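Colleague: Below: one structure in structure tokens.
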Amino acid sequence: MMPSSVVATTTRKRPPHDQAPSPPLPHPVRAAGRRSAAQRRGRPWAGAVNARPQRRDGRNDAVGAPPPAGPTPPPARPRAARRPTLPLAPPGWRQLWFQLHWLVGITGGTLLMVIGLSGALLSFREECLDLLNPGVRQVAPRAEPVLAPAQVAAAVARVHGTRRISTMMLYAEPGAATRVIFAPLPGQRRGESIYVDPYSGTAQALRGHQAFEWIEALHRWLLLPRETGDPVTGTLALLLIGMAASGLYLRWPRRPLSWRTWLTFDPALRGRPFLWNLHAVLGTWVLPLYLVLAGTGLYWSFDIVRDSLESWAGRPPRAAMNHAAAKPAGKSADMPAEMAHATGTPTLALAWDSFLGKAPDWRMASLRISEKATQPVQISWLDAAAPHEQARNRMSVLAASGKITQDKRYADLNARDRFLTTFYPLHMGTYFGLPGRLAMMVAGLAMPLFGITGWMLYLGRRKLKRAARAERALLADADTAVAAPAGAAAASTLLAYASQSGSAERLALRSAAALRQAGVAATVQSLDRLAPSDLLGYARVLLVASSFGEGEPPDGTRRFARLLKQADPASLAGLRFGLLALGDRHYSDFCGFGRALDERLRALGAKQLFPAIEVDDGDAVALQRWSQSLAQLCGVDQLTGIADGAGAGAGKRTHGSADATNANPAGDPAGAWQTWPLVARTLLNPGSQGGPLYEVVLDGAGANWQAGALLEVLPRNPDGAVAAWLRQSGLDGHASVRLGSAVCSLHEALARSILPAPAVPTSSASAVPTSSASVAPTSSAQACADQLRPLAPRSYSLASLPQDGGLQLLVRQESHPGGLGLGSGWLTAHAPLDAPIQARLQANPGFAPAEADGPAIFIGNGSGFAGLRAHLRARALAGRRRNWLLFGEREQAYDSICADEIAQWQAAGLLPRLDLVFSRDGACREYVQDRLRGAADELRGWIADGAMVYVCGSLQGMAGGVDAALVEILGADALDDLAAAGRYRRDVY
Ligand SMILES: Cc1cc2nc3c(=O)[nH]c(=O)nc-3n(C[C@H](O)[C@H](O)[C@H](O)COP(=O)(O)O)c2cc1C
């Protein structure tokens with residue numbers, strides 16, 4: 001009585017795939033060849049062998065597809081957009097880290113880009129300045145004595161008068177100029193620097209020095225006053241550490257010991273995966289460098305860090321040191337009287353002589369000259385063996401007497417103190433010489449790359465989320481628009497729908513909207529979320545029910561169907577209902593679920609408001625009857641807007657509506673027709689026993705979709721077939737004809753249309769569809785064009801995401817005695833590369849990604865890998881790692897499609913369980929459903945953990961077999977509940 005039992009005992013022959021088209025529909029559905037509604041209505045071309053809009057030429061006819069032996073259990077499936085949200089696990093650590101990473105990335109990350117870039121510029125500051133100022137910092141060595149500090153001071157004084165020198169840096173290297181730094185002028189942070197020729201005393205300033213000072217201020221304090229800038233950049237350093245840690249956590253692979261997983265970049269990737277890969281792999285490369293940069297940066301940014309570390313190292317507090325030491329820069333920018341160059345020369349001379357006496361192996365010496373002549377000259381210097389530029393020895397020498405008051409050697413520092421001196425060379429990379437400097441520069445330069453890729457990923461993610469939200473909102477709005485006022489349920493009409501791919505849902509929404517316009521309060525609900533007793537709460541219930549599988553309820557409605565079957569007799573007495581059953585006569589159980597529903601409701605005591613109306617493939621006449629029946633119920637003459645919407649399709653699409661500029665009708669889940677060039681076509685299974693399987697790529701510029709979506713493609717007759725037809729008919733293919741609203745050549749018009757049966761039979765290279773209407777050789781070109789009906793679009797699962805940079809399809813090439821299948825032949829053989837392909841995106845709510853973050857099981861075969869691939873790519877991007885792929889094909893040697901990508905997912909820890917089932921490799925045939933049965937315990941475990949189940953591929957054999965296996969493993973009720981909860985999603989054909 002109820003659909004599941006009806007269907008369970010029925011085996012059916014599916015209509016043939018991909019032969020000849022019927023007129024395209026505004027809402028193409030995914031099924032096989034059919035006799036069109038128009039044929040039945042006696043249109044001129046009726047009676048031809050037509051194929052209906054269909055998808056995925058070449059369902060895999062072998063793998064996972066043994067002839068269904070015995071009863072096939074009904075499939076189950078949820079409605080996507082309206083399904084109840086899965087119970088979400090409390091946000092785990094992973095989600096928290098993810099949020100942290102994004103949040104910090106898009107806020108602090110932007111400033112870190114500035115810091116990184118400026119740091120990269122600073123890492124080769126000296127070399128840049130040398131390039132700008134050749135012969136200034138380094139002069140040609142000469143065989144002359146070099147000037148001692150006192151002589152340098154005298155030479156500087158000759159040009160700069162009494163301007164006070166605060167620091168003088170001398171180098172033992174022949175030809176190295178002495179750097180003289182003046183005391184800062186009021187308002188300056190640092191005094192001006194000049195370089196003095198060590199032989200002649202000629203002084204020169206460096207061009208570009210100020211620019212680098214500015215860059216340094218930007219890097220260290222973001223151009224803020226130092227007191228404010230220090231904590232700001234310190235905080236950014238902390239954020240960088242947080243991002244590095246969260247990034248590391250988020251990309252932690254399942255096989256952490258595989259260096260390849262961590263460090264190798266996949267150049268074949270494109271779009272979002274490319275960005276993600278770049279972000280993650282590059283991030284891993286530079287992660288240690290960023291930790292060093294940020295860690296050492298903290299030392300200068302926060303006094304508390306610095307003081308703590310210095311006290312840990314046993315250094316005296318800085319305040320005390322500052323007090324003890326002469327301040328390098330005093331308030332005055334002029335030379336104190338007692339240090340005036342006349343007297344300064346001998347005083348520096350004494351200090352320098354004393355220094356040389358103690359440090360014969362000096363390499364660099366920096367003399368800090370106090371404002372007060374009584375204060376000692378502070379000399380910090382590097383000896384020839386210094387391990388790095390901060391391994392400085394320090395000496396204090398009284399200028400007046402040359403007496404050394406302090407002589408501290410680096411070698412005498414304790415290990416902690418020595419460790420602190422490495423911070424600067426580590427930060428600059430100089431600790432490791434040129435390679436270190438280069439690495440730090442690259443790390444700095446990579447920061448903007450991170451910021452940009454991070455932002456792009458973030459914006460892409462937002463866009464995807466917005467698109468998903470908009471899609472949900474569309475349906476929610478429609479619901480609200482037709483909802484009954486609160487509290488009016490008892491007096492209202494319920495529009496309840498059972499829908500697999502959205503047609504029934506849209507018709508229910510349109511019907512409710514029309515009723516509302518006529519003043520009737522109407523509520524729309526999916527049967528997926530109702531129990532039979534809920535129907536009693538309404539004055540009348542109008543049901544719109546489609547059939548799926550083999551005359552079964554749509555997946556999500558399976559639970560309702562079960563409850564209805566279990567309901568007590570007469571439990572629905574008092575219910576008054578009207579029913580619109582959607583179906584397709586090419587399925588042997590036409591309107592199977594609608595009929596069973598009608599029968600069962602009446603058996604339970606419900607009364608029909610009017611006889612059930614059956615709609616064959618969107619038949620407009622039947623829809624008109626529905627509209628009239630509703631009008632009668634409301635007591636109005638007629639209702640508008642029901643029959644002209646989505647789902648009312650056959651024969652409605654005209655050539656005009658297939659124009660590339662065709663607007664998307666409101667509520668229609670498909671977008672406008674577009675023209676995208678065919679950019680690539682690759683045979684994936686050379687040598688396979690099965691039909692050739694191609695990856696077909698359309699350019700897809702500007703397209704946006706989410707995993708699970710479909711692409712409708714308008715096929716064309718091959719040129720050879722059109723030319724042959726023209727020869728037969730004797731018509732001129734160049735003649736201009738009007739087709740819909742467009743003008744084109746007759747050849748072009750024929751290429752886009754079902755070819756009328758020629759007066760004389762023709763042979764063709766393809767199974768070119770023809771209608772029964774024949775065109776007399778004498779007919780005019782326009783008369784011929786007037787008879788033409790457009791080819792039906794074909795639907796294919798998208799195997800890619802927008803981030804991949806193209807619309808990728810997996811198309812099985814179909815062969816028939818007369819040639820190739822129309823859609824598959826067009827895409828895989830006839831359309832030349834770069835040919836413009838007319839196509840449009842179609843949402844597929846029944847196979848959309850789940851919002852919940854839980855595990856997912858992907859099951860499919862053959863070209864069904866397309867839908868699974870898009871989902872797996874999306875999950876890889878979202879970092880959802882717990883995926884189980886169960887995929888069937890024929891022979892491993894020839895049918896290992898997309899093996900590299902699967903291997904990469906596995907290596908990246910995205911497929912903790914992988915079952916590739918090759919049916920023809922073993923002694924006895926094994927299919928995905930067999931493997932599933934063998935893994936029953938594990939499957940139960942995954943389901944208990946909240947896993948979603950996605951199935952994509954052939955309905956017959958694979959999907960039916962998988963469904964049967966799931967029923968065996970989980971139980972029929974549990975599977976129904978799973979479907980009703982939106983956790984069992986199928987895209988089968
Ligand atoms: C995989 C599949 C199986 C179908 N099985 C049947 C069937 O057994 N009987 C029938 O009358 N129509 C069948 N149909 C046709 C649908 O019921 C029909 O296209 C309907 O308009 C779809 O409505 P929906 O979009 O609300 O799911 C099937 C369609 C698909 C894609």
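Ligands are numbered from 1 in the order shown, residues from 1 within each chain, and chains are lettered A, B, ... in the order they appear in the structure tokens.
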Go through chain A residue by residue and, counting only C-alpha atoms and all ligand atoms, keep those with an atom at most 7 Å from ligand 1; for each kept residue give the shortest atom pair and its distance in Å to one decimal, ordered by chain and increasing number, as a Markdown table.
Modeller:
```
| residue | atom | partner | partner_atom_place_in_ligand_line | distance |
| --- | --- | --- | --- | --- |
| A:Val29 | CA | ligand 1 | 19 (O) | 5.2 |
| A:Arg30 | CA | ligand 1 | 31 (C) | 4.1 |
| A:Ala31 | CA | ligand 1 | 31 (C) | 4.8 |
| A:Ala498 | CA | ligand 1 | 26 (O) | 6.5 |
| A:Ser499 | CA | ligand 1 | 26 (O) | 3.5 |
| A:Gln500 | CA | ligand 1 | 27 (O) | 3.3 |
| A:Ser501 | CA | ligand 1 | 25 (O) | 3.5 |
| A:Gly502 | CA | ligand 1 | 25 (O) | 4.0 |
| A:Ser503 | CA | ligand 1 | 25 (O) | 3.6 |
| A:Ala504 | CA | ligand 1 | 26 (O) | 3.7 |
| A:Glu505 | CA | ligand 1 | 26 (O) | 5.9 |
| A:Ala545 | CA | ligand 1 | 26 (O) | 7.0 |
| A:Ser546 | CA | ligand 1 | 17 (O) | 4.4 |
| A:Ser547 | CA | ligand 1 | 17 (O) | 3.8 |
| A:Phe548 | CA | ligand 1 | 4 (C) | 3.9 |
| A:Gly549 | CA | ligand 1 | 3 (C) | 4.0 |
| A:Glu550 | CA | ligand 1 | 8 (O) | 3.7 |
| A:Gly551 | CA | ligand 1 | 8 (O) | 3.3 |
| A:Glu552 | CA | ligand 1 | 8 (O) | 6.3 |
| A:Pro554 | CA | ligand 1 | 27 (O) | 6.5 |
| A:Leu582 | CA | ligand 1 | 21 (O) | 4.9 |
| A:Gly583 | CA | ligand 1 | 11 (O) | 3.2 |
| A:Asp584 | CA | ligand 1 | 11 (O) | 4.0 |
| A:Arg585 | CA | ligand 1 | 11 (O) | 5.6 |
| A:Tyr587 | CA | ligand 1 | 9 (N) | 4.7 |
| A:Ser588 | CA | ligand 1 | 8 (O) | 6.4 |
| A:Asp589 | CA | ligand 1 | 9 (N) | 4.8 |
| A:Phe590 | CA | ligand 1 | 11 (O) | 3.3 |
| A:Cys591 | CA | ligand 1 | 11 (O) | 3.6 |
| A:Gly592 | CA | ligand 1 | 9 (N) | 5.5 |
| A:Asp617 | CA | ligand 1 | 21 (O) | 5.8 |
| A:Gly618 | CA | ligand 1 | 21 (O) | 6.5 |
| A:Gly647 | CA | ligand 1 | 21 (O) | 6.2 |
| A:Leu955 | CA | ligand 1 | 1 (C) | 6.4 |
| A:Val988 | CA | ligand 1 | 1 (C) | 5.6 |
| A:Tyr989 | CA | ligand 1 | 1 (C) | 4.6 |
```
Colleague: Can I get the selected residues back with C-alpha atoms, as a compact mmCIF listing (two decimals), in the first residue's frame?
Modeller:
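Just written: out-v8.txt:
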```
# COMPACT_ATOMS: atom_id res chain seq x y z
CA VAL A 29 15.04 17.21 -14.22
CA ARG A 30 17.49 14.45 -14.12
CA ALA A 31 16.22 11.37 -15.76
CA ALA A 498 7.37 16.21 -0.98
CA SER A 499 10.23 17.19 -3.20
CA GLN A 500 13.57 15.74 -4.19
CA SER A 501 15.02 18.45 -6.36
CA GLY A 502 12.77 21.40 -5.69
CA SER A 503 9.97 21.36 -8.31
CA ALA A 504 7.25 20.29 -5.92
CA GLU A 505 8.49 22.76 -3.37
CA ALA A 545 4.23 15.30 -4.15
CA SER A 546 6.89 14.21 -6.59
CA SER A 547 8.16 10.68 -7.07
CA PHE A 548 11.75 9.62 -6.87
CA GLY A 549 13.72 6.44 -7.33
CA GLU A 550 11.27 3.87 -8.62
CA GLY A 551 7.96 5.45 -7.79
CA GLU A 552 9.13 6.14 -4.25
CA PRO A 554 11.58 11.75 -2.20
CA LEU A 582 4.44 15.23 -10.06
CA GLY A 583 6.06 12.55 -12.14
CA ASP A 584 7.30 11.47 -15.47
CA ARG A 585 5.67 8.79 -17.59
CA TYR A 587 9.34 5.94 -15.25
CA SER A 588 7.34 2.78 -15.16
CA ASP A 589 5.78 3.71 -11.83
CA PHE A 590 4.36 6.99 -12.97
CA CYS A 591 3.55 9.26 -10.03
CA GLY A 592 4.13 6.19 -7.85
CA ASP A 617 6.92 16.27 -16.65
CA GLY A 618 5.48 19.66 -15.89
CA GLY A 647 8.06 22.75 -12.72
CA LEU A 955 20.49 5.17 -9.31
CA VAL A 988 21.55 9.90 -8.32
CA TYR A 989 20.49 9.46 -11.90
```
Colleague: Given only C-alpha atoms as the basis, pick out the residue of A:Val722, A:Ala907, A:Val541, A:Ala280 nearest to Leu257 (chain A).
Modeller: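 The shortest atom-to-atom distance to Leu257 (chain A) comes from A:Ala907.
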Colleague: Mind giving me the straight-line distance from CA of Val679 (chain A) to CA of Trp725 (chain A) in Å, one decimal?
Modeller: 29.0 Å
Colleague: Counting only C-alpha atoms, which residue out of A:Asp987, A:Asp786, A:Asp973, A:Glu938 sits closest to Gln566 (chain A)?
Modeller: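 Between A:Asp987, A:Asp786, A:Asp973, A:Glu938, the residue approaching Gln566 (chain A) most closely is A:Asp973.
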Colleague: For a quick check of understanding, using only C-alpha atoms, which of A:Pro569, A:Gly556, A:Gly454, A:Pro677 has the smallest distance to Pro845 (chain A)?
Modeller: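 Of A:Pro569, A:Gly556, A:Gly454, A:Pro677, the one nearest Pro845 (chain A), counting only C-alpha atoms, is A:Gly556.
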Colleague: Out of A:Ala400, A:Thr261, A:Ile165, A:Thr178, which residue has the shortest atom-to-atom distance to Ser370 (chain A) when counting only C-alpha atoms?
Modeller: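 Once distances to Ser370 (chain A) are computed over only C-alpha atoms, the minimum belongs to A:Ile165.
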Colleague: Please list as a PyMOL selection string every residue within 7 Å of Leu911 (chain A), counting only C-alpha atoms and excluding residues in the same chain fewer than 5 positions away.
Modeller: chain A and resi 881-885+905-906
Colleague: For Glu126 (chain A), find every residue with an atom within 12 Å (counting only C-alpha atoms), except residues of its own chain fewer than 2 positions away, and show them as number ranges by chain.
Modeller: A: 121-124, 128-134, 136-138, 206-209, 212
Colleague: Fewer than 3 positions away in the same chain doesn't count, so skip those; otherwise give me all residues within 9 Å of Leu809 (chain A), counting only C-alpha atoms, as a list in words.
Modeller: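 Surrounding residues, per the criterion: Arg56, Tyr694, Glu695, Val696, Val697, Leu698, Leu711, Tyr796, Ser797, Leu798, Ala799, Ser800, Ser863 and Ala866 of chain A.
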Colleague: Once you have the residues from the selection above, write them out as a tab-separated table (two decimals), in the first residue's frame, restricted to C-alpha atoms.
Modeller:
```tsv
chain	number	residue	atom	x	y	z
A	56	ARG	CA	25.64	13.05	-16.83
A	694	TYR	CA	36.16	12.72	-19.86
A	695	GLU	CA	36.95	15.63	-17.66
A	696	VAL	CA	35.45	18.55	-19.51
A	697	VAL	CA	36.32	22.07	-18.36
A	698	LEU	CA	34.43	25.23	-19.24
A	711	LEU	CA	25.46	22.58	-14.69
A	796	TYR	CA	25.82	17.45	-15.09
A	797	SER	CA	27.17	17.45	-11.56
A	798	LEU	CA	29.89	19.99	-11.10
A	799	ALA	CA	33.15	18.38	-10.10
A	800	SER	CA	34.83	21.62	-9.09
A	863	SER	CA	30.90	9.79	-13.25
A	866	ALA	CA	32.05	14.52	-9.92
```
Colleague: Leu579 (chain A): which residues within 9 Å, counting only C-alpha atoms, same-chain residues fewer than 2 positions away excluded, as a tab-separated table (two decimals) with C-alpha atoms, in the first residue's frame?
Modeller:
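Result file selection_35.tsv:
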```
chain	number	residue	atom	x	y	z
A	541	VAL	CA	-4.30	20.33	3.07
A	542	LEU	CA	-3.04	20.68	-0.46
A	543	LEU	CA	-0.27	18.23	-1.20
A	544	VAL	CA	2.30	18.55	-3.96
A	545	ALA	CA	4.23	15.30	-4.15
A	577	PHE	CA	-7.02	17.21	1.03
A	581	ALA	CA	1.33	14.37	-8.05
A	594	GLY	CA	1.62	10.53	-5.35
A	597	LEU	CA	-0.13	8.85	-0.91
A	598	ASP	CA	-3.59	9.52	-2.29
A	608	GLN	CA	-10.51	14.34	-1.32
A	609	LEU	CA	-11.35	17.95	-2.12
A	610	PHE	CA	-11.01	17.06	-5.80
A	611	PRO	CA	-9.60	14.05	-7.68
A	612	ALA	CA	-5.84	13.85	-7.57
A	613	ILE	CA	-4.13	15.61	-10.46
A	614	GLU	CA	-1.14	13.95	-12.06
A	626	TRP	CA	-4.64	22.27	-10.42
```
Colleague: May I ask for the distance between CA of Asp976 (chain A) and CA of Arg529 (chain A), given in Å to one decimal place?
Modeller: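 Taking CA of Asp976 (chain A) as the start and CA of Arg529 (chain A) as the end point, the length is 11.9 Å.
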Colleague: Taking the DSSP assignment computed from this structure's backbone, write out as a count of residues only all residues of region 509-752 of chain A that belong to helix (DSSP H, G or I).
Modeller: 77
Colleague: In terms of the shortest atom-to-atom distance over only C-alpha atoms, which of A:Ile106, A:Leu348, A:Ala570, A:Ala852 is closest to Gln151 (chain A)?
Modeller: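 Among the listed residues, A:Leu348 lies closest to Gln151 (chain A).
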Colleague: Give me, please, the distance in Å between CA of Arg789 (chain A) and CA of Gly818 (chain A), quoted to one decimal.
Modeller: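 Calculated distance between CA of Arg789 (chain A) and CA of Gly818 (chain A) is 21.0 Å.
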Colleague: List the spatial neighbours of Leu238 (chain A) as a PyMOL selection string - criterion: any atom at most 12 Å away, only C-alpha atoms, same-chain residues fewer than 6 positions off excluded.
Modeller: chain A and resi 104+108-109+112+231-232+244-245+290-299+301-302
Colleague: Please produce an output containing C-alpha atoms for each residue in the selection, written as a PDB file, in the first residue's frame.
Modeller:
```
ATOM      1  CA  VAL A 104      43.466  37.836  13.947  1.00  0.00           C
ATOM      2  CA  GLY A 108      46.279  42.315  12.864  1.00  0.00           C
ATOM      3  CA  GLY A 109      47.300  40.562   9.678  1.00  0.00           C
ATOM      4  CA  LEU A 112      51.629  42.740  10.001  1.00  0.00           C
ATOM      5  CA  PRO A 231      53.209  48.102  22.751  1.00  0.00           C
ATOM      6  CA  VAL A 232      51.299  48.198  19.488  1.00  0.00           C
ATOM      7  CA  ALA A 244      51.440  30.754  13.578  1.00  0.00           C
ATOM      8  CA  ALA A 245      50.289  28.448  16.362  1.00  0.00           C
ATOM      9  CA  TYR A 290      58.027  34.237  12.132  1.00  0.00           C
ATOM     10  CA  LEU A 291      58.345  32.769  15.585  1.00  0.00           C
ATOM     11  CA  VAL A 292      61.894  34.093  15.779  1.00  0.00           C
ATOM     12  CA  LEU A 293      60.912  37.490  14.394  1.00  0.00           C
ATOM     13  CA  ALA A 294      57.946  37.847  16.693  1.00  0.00           C
ATOM     14  CA  GLY A 295      59.686  36.387  19.738  1.00  0.00           C
ATOM     15  CA  THR A 296      62.687  38.660  19.438  1.00  0.00           C
ATOM     16  CA  GLY A 297      60.455  41.600  18.542  1.00  0.00           C
ATOM     17  CA  LEU A 298      58.687  41.203  21.872  1.00  0.00           C
ATOM     18  CA  TYR A 299      61.991  41.878  23.597  1.00  0.00           C
ATOM     19  CA  SER A 301      58.454  46.112  22.405  1.00  0.00           C
ATOM     20  CA  PHE A 302      57.573  45.397  25.985  1.00  0.00           C
TER      21      PHE A 302
END
```
Colleague: From the list A:Pro849, A:Gly806, A:Gly854, A:Pro718, which residue is nearest Gly825 (chain A) when using only C-alpha atoms?
Modeller: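 When distances to Gly825 (chain A) are compared using only C-alpha atoms, the smallest one comes from A:Pro718.
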